[in-house]
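Participant: Sharing a structure, written as structure tokens. Questions coming.
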Amino acid sequence: MLPLALLLTGLPYLAAQGSGHLSVGSPAKISGARNASVQTKIPVTVDPGFHVNSNPAAAEYLIPLSVTWSATGALEAGKVTYPKATKEKVGDDTLTVYTGSFDLIASFKVSASAPAGPGVAAGKLRYQACNSTTCFPPKNVEISVPYQIQ
Amino acid sequence: MSLMRLFTVFATAVLAGCLFVGCSRAPTTVKAASLKPNSQRRDAPDFTLKDADGKTVHLSEYRGKVVLLDFWATWCDPCRLEIPWFIDLQRKNKDRGFEVLGVSMDDEGWEVVKPFMKSVGMNYRVVIGNDETTQMYGGVDSLPSTFLIDRQGKIAAIHIGLASRKVFEDGVEELLHAPAGIVIDRASLSRGAR
């Protein structure tokens, strides 16, 4: 139907294209004492029929799903654990991708000098989504992780 | 029936066929289903961008040629599948009034595009696109997005996403075969005949 729709409606159809094809849920609140190692899950859902590149991606030129932190407050950012990827064939290439719903595990350490009380760690999730025939430009999604220092 | 008489009948039939159909290898007429009739074609918006050598490229310079305008990016796997087809099309049809023009949508620009062009042996011009360019072409939110432009500078076909090699080959062939750059508007002809 898509080619027919394009033929019938022409360029305006293109302007109507484009959603993120991925959504990020609210990470669970972190609670911990000074010097404690803490973790939170970042729930991610990729729209049906789409995939995003794994981390690490199957090839250097591909853009992997990745989390980076810009301001972590009283937390020191640690490793982000990405899920196991599945394989997707595109032409002759085999990609490693994420589909459906999955969690990213973000690890932090509570700073030794952290003042007791609430705060928010801020970062972004970067990804680039495709389906079997089409790719969409890389996007960033803001992430906020609430925390409570005891 | 003697052998000679049989041969005469056969030769006559072949000669008659040649007279009616033509014995020479006439150019194959390709009917590309994906091409729009002339009446539905719009002008391809002109743009001015720099190519890999820093030279200014105006799309309007290509008027009179059939152009395959390909919006792509190095991170786009389906785009990378199509590019070897476009290299072939450029090689085979360059002398027939055909050009491929790539519009890269890589944010990192030439830093990533030039090494890629070299690695795959791109034999056609590439420019780096921007928001203004994509807006002219309806947003181009998804890649690859490929526009076939006829000799009059009008968009004859739009392919969003990976298309088949044959679709591009047939489309280019039909546009190149159009006499003096005029593609027969079959839809209009059939309407007029009624």
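Following the order of the structure tokens, first chain is A, next is B, and so on, with residues numbered from 1 inside each chain and ligands from 1 in the order they appear.
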Find the residues around stretch 45-59 of chain B up to 8 Å (only C-alpha atoms counted), leave out those fewer than 4 positions away in its own chain, and share them as a list in words.
Facilitator: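 With the cut-off at 8 Å, the set is Arg63, Trp110, Lys114, Arg125, Val126, Val127, Ile128, Gly129, Thr133, Met136 and Tyr137 of chain B.
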Participant: Of the candidates A:Gly119, A:Pro27, A:Gly73, A:Gly91, which shows the shortest atom-to-atom distance to chain B, using only C-alpha atoms?
Facilitator: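 Of all the options, A:Gly91 lies closest to chain B.
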Participant: Could you state the separation of atom CA of B:Leu68 and atom CA of B:Val140 in Å, given to one decimal place?
Facilitator: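 Going from atom CA of B:Leu68 over to atom CA of B:Val140 covers 15.2 Å.
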Participant: Counting only C-alpha atoms, collect the residues of chain B whose closest atom lies at most 10 Å from chain A, and write them out as a VMD selection string.
Facilitator: chain B and resid 34 to 37 40 to 42 72 to 82 105 to 107 112 116 134 to 145 155 to 163
Participant: What's around A:Lys84 at 12 Å? Count only C-alpha atoms, leave out sequence neighbours fewer than 5 positions away in its own chain, and write the answer as a ChimeraX atom specification.
Facilitator: /A:53-57,96-99,102-104
Participant: For the residues selected in the previous step, produce a file with C-alpha atoms as a short mmCIF file (atom, residue, chain, number, x, y, z; two decimals), in the first residue's frame.
Facilitator:
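Output file result32.cif follows:
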```
data_model
loop_
_atom_site.label_atom_id
_atom_site.label_comp_id
_atom_site.auth_asym_id
_atom_site.auth_seq_id
_atom_site.Cartn_x
_atom_site.Cartn_y
_atom_site.Cartn_z
CA ASN A 53 21.50 -1.74 16.69
CA SER A 54 22.96 -3.62 19.63
CA ASN A 55 25.78 -2.36 21.84
CA PRO A 56 28.32 -3.08 20.55
CA ALA A 57 26.90 -2.92 17.02
CA THR A 96 22.95 -7.77 15.78
CA VAL A 97 19.92 -5.93 17.06
CA TYR A 98 17.41 -5.40 19.85
CA THR A 99 13.70 -5.78 19.28
CA PHE A 102 14.07 -5.15 27.22
CA ASP A 103 15.86 -3.53 30.15
CA LEU A 104 19.18 -1.75 30.34
#
```
